[in-house]
file data06.cif (mmCIF, C-alpha atoms; chains and numbers go by the auth columns)
data_work
loop_
_atom_site.group_PDB
_atom_site.id
_atom_site.type_symbol
_atom_site.label_atom_id
_atom_site.label_comp_id
_atom_site.label_asym_id
_atom_site.label_seq_id
_atom_site.Cartn_x
_atom_site.Cartn_y
_atom_site.Cartn_z
_atom_site.B_iso_or_equiv
_atom_site.auth_seq_id
_atom_site.auth_asym_id
ATOM 1 C CA MET A 1 -10.098 60.265 82.268 0.00 34 A
ATOM 2 C CA ASN A 2 -10.641 59.372 78.661 0.00 35 A
ATOM 3 C CA ASN A 3 -11.483 61.383 75.606 0.00 36 A
ATOM 4 C CA PHE A 4 -14.938 60.726 74.264 0.00 37 A
ATOM 5 C CA GLU A 5 -16.929 61.936 71.317 0.00 38 A
ATOM 6 C CA THR A 6 -20.707 61.938 71.123 0.00 39 A
ATOM 7 C CA VAL A 7 -22.913 62.483 68.112 0.00 40 A
ATOM 8 C CA VAL A 8 -26.543 63.213 68.890 0.00 41 A
ATOM 9 C CA ILE A 9 -29.374 63.500 66.388 0.00 42 A
ATOM 10 C CA LEU A 10 -32.364 65.538 67.565 0.00 43 A
ATOM 11 C CA THR A 11 -35.799 65.569 65.937 0.00 44 A
ATOM 12 C CA PRO A 12 -36.159 68.204 63.227 0.00 45 A
ATOM 13 C CA LEU A 13 -39.559 69.163 64.593 0.00 46 A
ATOM 14 C CA LEU A 14 -37.971 71.029 67.474 0.00 47 A
ATOM 15 C CA SER A 15 -37.708 74.776 67.271 0.00 48 A
ATOM 16 C CA ASP A 16 -34.256 76.296 67.369 0.00 49 A
ATOM 17 C CA ASP A 17 -34.680 77.270 71.019 0.00 50 A
ATOM 18 C CA ALA A 18 -35.870 73.844 72.031 0.00 51 A
ATOM 19 C CA ALA A 19 -32.890 72.242 70.303 0.00 52 A
ATOM 20 C CA LYS A 20 -30.500 74.586 72.082 0.00 53 A
ATOM 21 C CA GLU A 21 -32.225 73.802 75.346 0.00 54 A
ATOM 22 C CA VAL A 22 -31.561 70.092 74.922 0.00 55 A
ATOM 23 C CA ILE A 23 -27.938 70.793 74.107 0.00 56 A
ATOM 24 C CA THR A 24 -27.434 73.009 77.156 0.00 57 A
ATOM 25 C CA LYS A 25 -29.117 70.380 79.284 0.00 58 A
ATOM 26 C CA PHE A 26 -26.482 67.855 78.311 0.00 59 A
ATOM 27 C CA ARG A 27 -23.702 70.348 78.526 0.00 60 A
ATOM 28 C CA THR A 28 -24.585 71.079 82.152 0.00 61 A
ATOM 29 C CA LEU A 29 -25.003 67.371 82.822 0.00 62 A
ATOM 30 C CA LEU A 30 -21.457 66.794 81.612 0.00 63 A
ATOM 31 C CA SER A 31 -19.820 69.684 83.422 0.00 64 A
ATOM 32 C CA ASP A 32 -21.672 68.989 86.675 0.00 65 A
ATOM 33 C CA ASN A 33 -20.241 65.496 86.739 0.00 66 A
ATOM 34 C CA GLY A 34 -16.663 66.512 86.268 0.00 67 A
ATOM 35 C CA ALA A 35 -16.282 66.317 82.522 0.00 68 A
ATOM 36 C CA GLU A 36 -14.271 68.821 80.592 0.00 69 A
ATOM 37 C CA ILE A 37 -15.856 69.796 77.304 0.00 70 A
ATOM 38 C CA ILE A 38 -13.191 70.154 74.652 0.00 71 A
ATOM 39 C CA HIS A 39 -15.238 71.059 71.631 0.00 72 A
ATOM 40 C CA GLU A 40 -18.835 71.295 70.457 0.00 73 A
ATOM 41 C CA ASP A 41 -20.012 71.370 66.898 0.00 74 A
ATOM 42 C CA SER A 42 -23.563 71.763 65.670 0.00 75 A
ATOM 43 C CA TRP A 43 -24.119 70.632 62.126 0.00 76 A
ATOM 44 C CA GLY A 44 -27.702 71.796 62.265 0.00 77 A
ATOM 45 C CA LEU A 45 -30.356 70.204 60.112 0.00 78 A
ATOM 46 C CA LYS A 46 -29.023 67.579 57.761 0.00 79 A
ATOM 47 C CA LYS A 47 -30.657 65.089 55.483 0.00 80 A
ATOM 48 C CA LEU A 48 -30.512 61.562 56.860 0.00 81 A
ATOM 49 C CA ALA A 49 -29.301 58.706 54.684 0.00 82 A
ATOM 50 C CA TYR A 50 -32.419 56.730 55.633 0.00 83 A
ATOM 51 C CA PRO A 51 -35.566 57.682 57.556 0.00 84 A
ATOM 52 C CA ILE A 52 -35.384 57.512 61.325 0.00 85 A
ATOM 53 C CA GLN A 53 -38.713 57.504 63.147 0.00 86 A
ATOM 54 C CA LYS A 54 -40.278 58.342 59.777 0.00 87 A
ATOM 55 C CA LYS A 55 -38.301 61.620 59.557 0.00 88 A
ATOM 56 C CA SER A 56 -35.916 62.453 56.761 0.00 89 A
ATOM 57 C CA THR A 57 -33.839 65.199 58.380 0.00 90 A
ATOM 58 C CA GLY A 58 -32.236 65.599 61.759 0.00 91 A
ATOM 59 C CA TYR A 59 -30.447 68.145 63.886 0.00 92 A
ATOM 60 C CA TYR A 60 -26.889 66.929 64.433 0.00 93 A
ATOM 61 C CA HIS A 61 -24.710 67.899 67.341 0.00 94 A
ATOM 62 C CA VAL A 62 -21.196 66.634 68.042 0.00 95 A
ATOM 63 C CA THR A 63 -19.496 66.997 71.414 0.00 96 A
ATOM 64 C CA GLU A 64 -15.957 66.098 72.294 0.00 97 A
ATOM 65 C CA PHE A 65 -15.186 65.879 75.988 0.00 98 A
ATOM 66 C CA LYS A 66 -12.906 64.379 78.584 0.00 99 A
ATOM 67 C CA ALA A 67 -14.552 62.431 81.375 0.00 100 A
ATOM 68 C CA PRO A 68 -14.173 59.515 83.755 0.00 101 A
ATOM 69 C CA GLY A 69 -15.523 56.306 82.316 0.00 102 A
ATOM 70 C CA GLU A 70 -18.356 55.878 84.779 0.00 103 A
ATOM 71 C CA LEU A 71 -20.099 58.969 83.479 0.00 104 A
ATOM 72 C CA ILE A 72 -20.888 57.419 80.121 0.00 105 A
ATOM 73 C CA ASN A 73 -23.559 55.054 81.385 0.00 106 A
ATOM 74 C CA LYS A 74 -25.300 57.923 83.086 0.00 107 A
ATOM 75 C CA LEU A 75 -25.067 60.074 79.984 0.00 108 A
ATOM 76 C CA GLU A 76 -26.459 57.412 77.695 0.00 109 A
ATOM 77 C CA LEU A 77 -29.302 56.689 80.088 0.00 110 A
ATOM 78 C CA GLU A 78 -30.303 60.327 79.844 0.00 111 A
ATOM 79 C CA TYR A 79 -30.086 60.140 76.068 0.00 112 A
ATOM 80 C CA LYS A 80 -32.404 57.159 76.010 0.00 113 A
ATOM 81 C CA ARG A 81 -34.896 58.835 78.305 0.00 114 A
ATOM 82 C CA ASP A 82 -35.113 62.059 76.357 0.00 115 A
ATOM 83 C CA GLU A 83 -37.698 61.707 73.605 0.00 116 A
ATOM 84 C CA ARG A 84 -36.292 64.546 71.559 0.00 117 A
ATOM 85 C CA ILE A 85 -33.147 62.580 70.810 0.00 118 A
ATOM 86 C CA MET A 86 -33.541 60.188 67.898 0.00 119 A
ATOM 87 C CA ARG A 87 -30.069 58.652 67.776 0.00 120 A
ATOM 88 C CA PHE A 88 -26.854 58.937 69.694 0.00 121 A
ATOM 89 C CA LEU A 89 -23.409 57.448 69.372 0.00 122 A
ATOM 90 C CA THR A 90 -20.691 57.707 72.004 0.00 123 A
ATOM 91 C CA ILE A 91 -17.158 56.745 71.164 0.00 124 A
ATOM 92 C CA ARG A 92 -13.966 56.602 73.144 0.00 125 A
ATOM 93 C CA LEU A 93 -11.259 58.363 71.165 0.00 126 A
ATOM 94 C CA ASP A 94 -7.856 56.747 71.062 0.00 127 A
ATOM 95 C CA HIS A 95 -4.664 58.748 70.720 0.00 128 A
ATOM 96 C CA ASP A 96 -4.870 58.938 66.940 0.00 129 A
ATOM 97 C CA GLY A 97 -8.427 60.173 67.155 0.00 130 A
ATOM 98 C CA VAL A 98 -7.516 62.946 69.568 0.00 131 A
ATOM 99 C CA VAL A 99 -4.639 64.070 67.356 0.00 132 A
ATOM 100 C CA TYR A 100 -6.905 63.980 64.308 0.00 133 A
ATOM 101 C CA ASN A 101 -9.568 66.097 65.970 0.00 134 A
ATOM 102 C CA GLU A 102 -7.047 68.674 67.079 0.00 135 A
ATOM 103 C CA ARG A 103 -5.591 68.994 63.637 0.00 136 A
ATOM 104 C CA LYS A 104 -9.028 69.246 62.142 0.00 137 A
ATOM 105 C CA ARG A 105 -9.862 72.093 64.486 0.00 138 A
ATOM 106 C CA ASN A 106 -6.662 73.877 63.534 0.00 139 A
ATOM 107 C CA GLY A 107 -7.701 73.720 59.906 0.00 140 A
ATOM 108 C CA ALA A 108 -5.108 71.229 58.705 0.00 141 A
ATOM 109 C CA PHE A 109 -7.641 69.504 56.469 0.00 142 A
ATOM 110 C CA SER A 110 -8.706 71.314 53.373 0.00 143 A
ATOM 111 C CA LYS A 111 -11.428 70.286 50.961 0.00 144 A
ATOM 112 C CA LYS A 112 -8.914 68.316 48.934 0.00 145 A
ATOM 113 C CA GLY A 113 -8.921 65.639 51.576 0.00 146 A
ATOM 114 C CA LYS A 114 -6.512 63.926 53.840 0.00 147 A
ATOM 115 C CA GLU A 115 -3.873 63.026 51.242 0.00 148 A
ATOM 116 C CA LYS A 116 -2.918 66.650 50.892 0.00 149 A
ATOM 117 C CA GLU A 117 -2.610 67.121 54.625 0.00 150 A
ATOM 118 C CA ALA A 118 -0.512 63.997 54.952 0.00 151 A
ATOM 119 C CA ALA A 119 1.788 65.256 52.235 0.00 152 A
ATOM 120 C CA ASN A 120 2.335 68.437 54.235 0.00 153 A
ATOM 121 C CA GLY A 121 2.578 66.783 57.630 0.00 154 A
ATOM 122 C CA MET B 1 13.769 26.782 9.005 0.00 99 B
ATOM 123 C CA ALA B 2 13.540 30.393 10.120 0.00 100 B
ATOM 124 C CA LYS B 3 10.935 31.351 12.635 0.00 101 B
ATOM 125 C CA ASP B 4 8.730 34.182 11.492 0.00 102 B
ATOM 126 C CA GLN B 5 7.641 35.227 14.865 0.00 103 B
ATOM 127 C CA ILE B 6 8.449 34.315 18.424 0.00 104 B
ATOM 128 C CA GLN B 7 5.760 32.389 20.190 0.00 105 B
ATOM 129 C CA TYR B 8 5.557 32.488 23.939 0.00 106 B
ATOM 130 C CA VAL B 9 4.029 29.817 26.051 0.00 107 B
ATOM 131 C CA THR B 10 2.537 32.489 28.315 0.00 108 B
ATOM 132 C CA PRO B 11 2.223 35.756 26.387 0.00 109 B
ATOM 133 C CA PRO B 12 3.520 38.825 28.204 0.00 110 B
ATOM 134 C CA LYS B 13 0.969 41.286 29.461 0.00 111 B
ATOM 135 C CA VAL B 14 0.748 44.242 27.200 0.00 112 B
ATOM 136 C CA ALA B 15 -0.355 46.664 29.903 0.00 113 B
ATOM 137 C CA GLU B 16 1.347 46.165 33.274 0.00 114 B
ATOM 138 C CA ASN B 17 -0.997 46.203 36.232 0.00 115 B
ATOM 139 C CA ARG B 18 -0.709 49.339 38.347 0.00 116 B
ATOM 140 C CA LYS B 19 0.684 48.436 41.738 0.00 117 B
ATOM 141 C CA LYS B 20 -2.101 48.425 44.328 0.00 118 B
ATOM 142 C CA TYR B 21 -1.127 50.051 47.574 0.00 119 B
ATOM 143 C CA CYS B 22 -2.738 50.869 50.865 0.00 120 B
ATOM 144 C CA ARG B 23 -3.509 54.552 50.767 0.00 121 B
ATOM 145 C CA PHE B 24 -3.362 54.844 54.548 0.00 122 B
ATOM 146 C CA LYS B 25 0.101 53.390 54.877 0.00 123 B
ATOM 147 C CA LYS B 26 1.371 55.392 51.968 0.00 124 B
ATOM 148 C CA ASN B 27 0.041 58.712 53.240 0.00 125 B
ATOM 149 C CA GLY B 28 0.553 58.089 56.928 0.00 126 B
ATOM 150 C CA ILE B 29 -3.114 58.387 57.832 0.00 127 B
ATOM 151 C CA LYS B 30 -3.748 56.887 61.238 0.00 128 B
ATOM 152 C CA TYR B 31 -7.345 57.717 62.060 0.00 129 B
ATOM 153 C CA ILE B 32 -10.424 57.287 59.917 0.00 130 B
ATOM 154 C CA ASP B 33 -13.226 59.668 60.738 0.00 131 B
ATOM 155 C CA TYR B 34 -16.638 58.021 60.727 0.00 132 B
ATOM 156 C CA LYS B 35 -18.353 61.378 60.249 0.00 133 B
ATOM 157 C CA ASP B 36 -16.824 61.996 56.841 0.00 134 B
ATOM 158 C CA ALA B 37 -19.277 60.570 54.319 0.00 135 B
ATOM 159 C CA ASN B 38 -17.369 61.763 51.258 0.00 136 B
ATOM 160 C CA PHE B 39 -14.202 59.991 52.265 0.00 137 B
ATOM 161 C CA LEU B 40 -15.922 56.796 53.331 0.00 138 B
ATOM 162 C CA GLY B 41 -17.889 56.774 50.086 0.00 139 B
ATOM 163 C CA LYS B 42 -14.703 55.688 48.335 0.00 140 B
ATOM 164 C CA PHE B 43 -14.804 52.352 50.150 0.00 141 B
ATOM 165 C CA VAL B 44 -18.424 51.622 49.408 0.00 142 B
ATOM 166 C CA ASN B 45 -20.073 50.431 46.199 0.00 143 B
ATOM 167 C CA GLU B 46 -23.204 51.820 44.525 0.00 144 B
ATOM 168 C CA GLN B 47 -25.470 49.754 46.730 0.00 145 B
ATOM 169 C CA GLY B 48 -23.815 51.050 49.855 0.00 146 B
ATOM 170 C CA LYS B 49 -21.942 47.805 50.552 0.00 147 B
ATOM 171 C CA VAL B 50 -18.363 47.787 51.863 0.00 148 B
ATOM 172 C CA LEU B 51 -15.865 47.054 49.093 0.00 149 B
ATOM 173 C CA PRO B 52 -13.456 44.118 49.547 0.00 150 B
ATOM 174 C CA ARG B 53 -9.859 45.027 50.158 0.00 151 B
ATOM 175 C CA ARG B 54 -8.634 43.243 47.063 0.00 152 B
ATOM 176 C CA ILE B 55 -10.484 45.923 45.119 0.00 153 B
ATOM 177 C CA THR B 56 -9.443 48.944 47.148 0.00 154 B
ATOM 178 C CA GLY B 57 -5.921 47.705 47.884 0.00 155 B
ATOM 179 C CA THR B 58 -6.198 48.520 51.583 0.00 156 B
ATOM 180 C CA SER B 59 -4.122 46.624 54.116 0.00 157 B
ATOM 181 C CA LEU B 60 -5.917 44.403 56.615 0.00 158 B
ATOM 182 C CA LYS B 61 -5.420 46.679 59.616 0.00 159 B
ATOM 183 C CA TYR B 62 -6.919 49.679 57.874 0.00 160 B
ATOM 184 C CA GLN B 63 -9.631 47.700 56.154 0.00 161 B
ATOM 185 C CA ARG B 64 -10.937 46.753 59.583 0.00 162 B
ATOM 186 C CA LYS B 65 -10.863 50.378 60.690 0.00 163 B
ATOM 187 C CA VAL B 66 -12.618 51.434 57.519 0.00 164 B
ATOM 188 C CA ALA B 67 -15.300 48.811 58.012 0.00 165 B
ATOM 189 C CA GLN B 68 -15.841 49.929 61.595 0.00 166 B
ATOM 190 C CA ALA B 69 -16.034 53.564 60.537 0.00 167 B
ATOM 191 C CA ILE B 70 -18.566 52.722 57.825 0.00 168 B
ATOM 192 C CA LYS B 71 -20.735 50.833 60.294 0.00 169 B
ATOM 193 C CA ARG B 72 -20.667 53.762 62.697 0.00 170 B
ATOM 194 C CA ALA B 73 -21.480 56.143 59.872 0.00 171 B
ATOM 195 C CA ARG B 74 -24.445 53.977 58.963 0.00 172 B
ATOM 196 C CA HIS B 75 -25.668 54.107 62.548 0.00 173 B
ATOM 197 C CA ILE B 76 -25.693 57.898 62.592 0.00 174 B
ATOM 198 C CA ALA B 77 -27.329 58.005 59.143 0.00 175 B
ATOM 199 C CA VAL B 78 -24.396 59.582 57.381 0.00 176 B
ATOM 200 C CA LEU B 79 -24.200 56.589 55.053 0.00 177 B
ATOM 201 C CA PRO B 80 -27.109 54.369 54.036 0.00 178 B
ATOM 202 C CA TYR B 81 -27.331 50.707 54.902 0.00 179 B
ATOM 203 C CA VAL B 82 -28.724 49.751 51.525 0.00 180 B
ATOM 204 C CA THR B 83 -29.567 51.865 48.543 0.00 181 B
ATOM 205 C CA ASP B 84 -29.393 51.939 44.781 0.00 182 B
ATOM 206 C CA GLY B 85 -27.342 54.449 42.882 0.00 183 B
ATOM 207 C CA PHE B 86 -25.449 55.791 45.835 0.00 184 B
ATOM 208 C CA LYS B 87 -22.708 57.488 43.841 0.00 185 B
#

call {"tool": "encode", "arguments": {"input": "data06.cif", "output": "structure tokens"}}
result
Amino acid sequence: MNNFETVVILTPLLSDDAAKEVITKFRTLLSDNGAEIIHEDSWGLKKLAYPIQKKSTGYYHVTEFKAPGELINKLELEYKRDERIMRFLTIRLDHDGVVYNERKRNGAFSKKGKEKEAANG
Amino acid sequence: MAKDQIQYVTPPKVAENRKKYCRFKKNGIKYIDYKDANFLGKFVNEQGKVLPRRITGTSLKYQRKVAQAIKRARHIAVLPYVTDGFK
């Protein structure tokens, strides 16, 4: 069981409901295969740094979960098949990454940036 | 024969160079988040290219992590691959 983090960019042309439907689809896919979802974060529509599939904005969704390694291939295959997903990135989080994400969730990072947090920690 | 002024072979530097340090080692930062465009923007020049570590003062270990984070950020369109006037 490793900690993973996935960022998914959905097309901006989807309605809010359709976007949520895609997200729940992958949430159920994860939990049905024995993954434990630690955290989900929807950034919503954001401007892309460069056009993807001729579109300039995208609906971002970040998921952090714990899963056995074999699940990732299956997950990414589903990402590739779904046409509503423009980009995805799956990363295995090492120990430092897990600690960082936890602290971020607990609000240890203010707008001033990481130097301030490190000075306190 | 009195000397009017001292002449050095190599003149001393008037303004001492500020010591460059690795900000990650100094502040104890272990993980670099690829989703944070504002932070990663410090390691990128106006064209979006990764800055060399002799300019930023980063140590080798963290420079590699920074570069990897920037490449991931480019993949998820949080940072551009090439641009003009990024900052």

call {"tool": "resolve_selection", "arguments": {"input": "data06.cif", "expression": "the PyMOL selection byres ((chain B and resi 145-147) around 8)", "output": "list in words"}}
result
Val142, Asn143, Glu144, Val148, Leu149, Leu177, Pro178, Tyr179, Val180, Thr181, Asp182, Gly183 and Phe184 of chain B

call {"tool": "write_last_selection", "arguments": {"input": "data06.cif", "atoms": "C-alpha atoms", "output": "PDB file, in the coordinates of the input"}}
result
ATOM      1  CA  VAL B 142     -18.424  51.622  49.408  1.00  0.00           C
ATOM      2  CA  ASN B 143     -20.073  50.431  46.199  1.00  0.00           C
ATOM      3  CA  GLU B 144     -23.204  51.820  44.525  1.00  0.00           C
ATOM      4  CA  VAL B 148     -18.363  47.787  51.863  1.00  0.00           C
ATOM      5  CA  LEU B 149     -15.865  47.054  49.093  1.00  0.00           C
ATOM      6  CA  LEU B 177     -24.200  56.589  55.053  1.00  0.00           C
ATOM      7  CA  PRO B 178     -27.109  54.369  54.036  1.00  0.00           C
ATOM      8  CA  TYR B 179     -27.331  50.707  54.902  1.00  0.00           C
ATOM      9  CA  VAL B 180     -28.724  49.751  51.525  1.00  0.00           C
ATOM     10  CA  THR B 181     -29.567  51.865  48.543  1.00  0.00           C
ATOM     11  CA  ASP B 182     -29.393  51.939  44.781  1.00  0.00           C
ATOM     12  CA  GLY B 183     -27.342  54.449  42.882  1.00  0.00           C
ATOM     13  CA  PHE B 184     -25.449  55.791  45.835  1.00  0.00           C
TER      14      PHE B 184
END

call {"tool": "resolve_selection", "arguments": {"input": "data06.cif", "expression": "the PyMOL selection byres ((chain A) within 6 of (chain B))", "output": "PyMOL selection string"}}
result
chain A and resi 81-82+129-130+151

call {"tool": "closest_residue", "arguments": {"input": "data06.cif", "among": "A:Asn134, A:Thr96, A:Thr90, A:Thr61", "to": "Ser75 in chain A", "atoms": "all atoms listed in the file"}}
result
A:Thr96

call {"tool": "closest_residue", "arguments": {"input": "data06.cif", "among": "B:Lys118, B:Ala165, B:Pro109, B:Ile104", "to": "Ile153 in chain B", "atoms": "all atoms listed in the file"}}
result
B:Lys118

call {"tool": "atom_distance", "arguments": {"input": "data06.cif", "atom1": "CA of Glu97 in chain A", "atom2": "CA of Arg114 in chain A"}}
result
21.2 Å

call {"tool": "atom_distance", "arguments": {"input": "data06.cif", "atom1": "CA of Val40 in chain A", "atom2": "CA of Arg120 in chain A"}}
result
8.1 Å

call {"tool": "residues_around", "arguments": {"input": "data06.cif", "residues": "Gly102 in chain A", "least_positions_apart": "5", "cutoff": "10 Å", "atoms": "all atoms listed in the file", "output": "list of chain:residue names"}}
result
A:Met34, A:Asn35, A:Asn36, A:Phe37, A:Lys107, A:Arg125

call {"tool": "write_last_selection", "arguments": {"input": "data06.cif", "atoms": "C-alpha atoms", "output": "short mmCIF file (atom, residue, chain, number, x, y, z; two decimals), in the coordinates of the input"}}
result
data_model
loop_
_atom_site.label_atom_id
_atom_site.label_comp_id
_atom_site.auth_asym_id
_atom_site.auth_seq_id
_atom_site.Cartn_x
_atom_site.Cartn_y
_atom_site.Cartn_z
CA MET A 34 -10.10 60.26 82.27
CA ASN A 35 -10.64 59.37 78.66
CA ASN A 36 -11.48 61.38 75.61
CA PHE A 37 -14.94 60.73 74.26
CA LYS A 107 -25.30 57.92 83.09
CA ARG A 125 -13.97 56.60 73.14
#

call {"tool": "atom_distance", "arguments": {"input": "data06.cif", "atom1": "CA of Ser89 in chain A", "atom2": "CA of Ala135 in chain B"}}
result
16.9 Å

call {"tool": "closest_residue", "arguments": {"input": "data06.cif", "among": "A:Gln86, A:Thr44, A:Thr39, A:Asn139", "to": "Ile105 in chain A", "atoms": "only C-alpha atoms"}}
result
A:Thr39
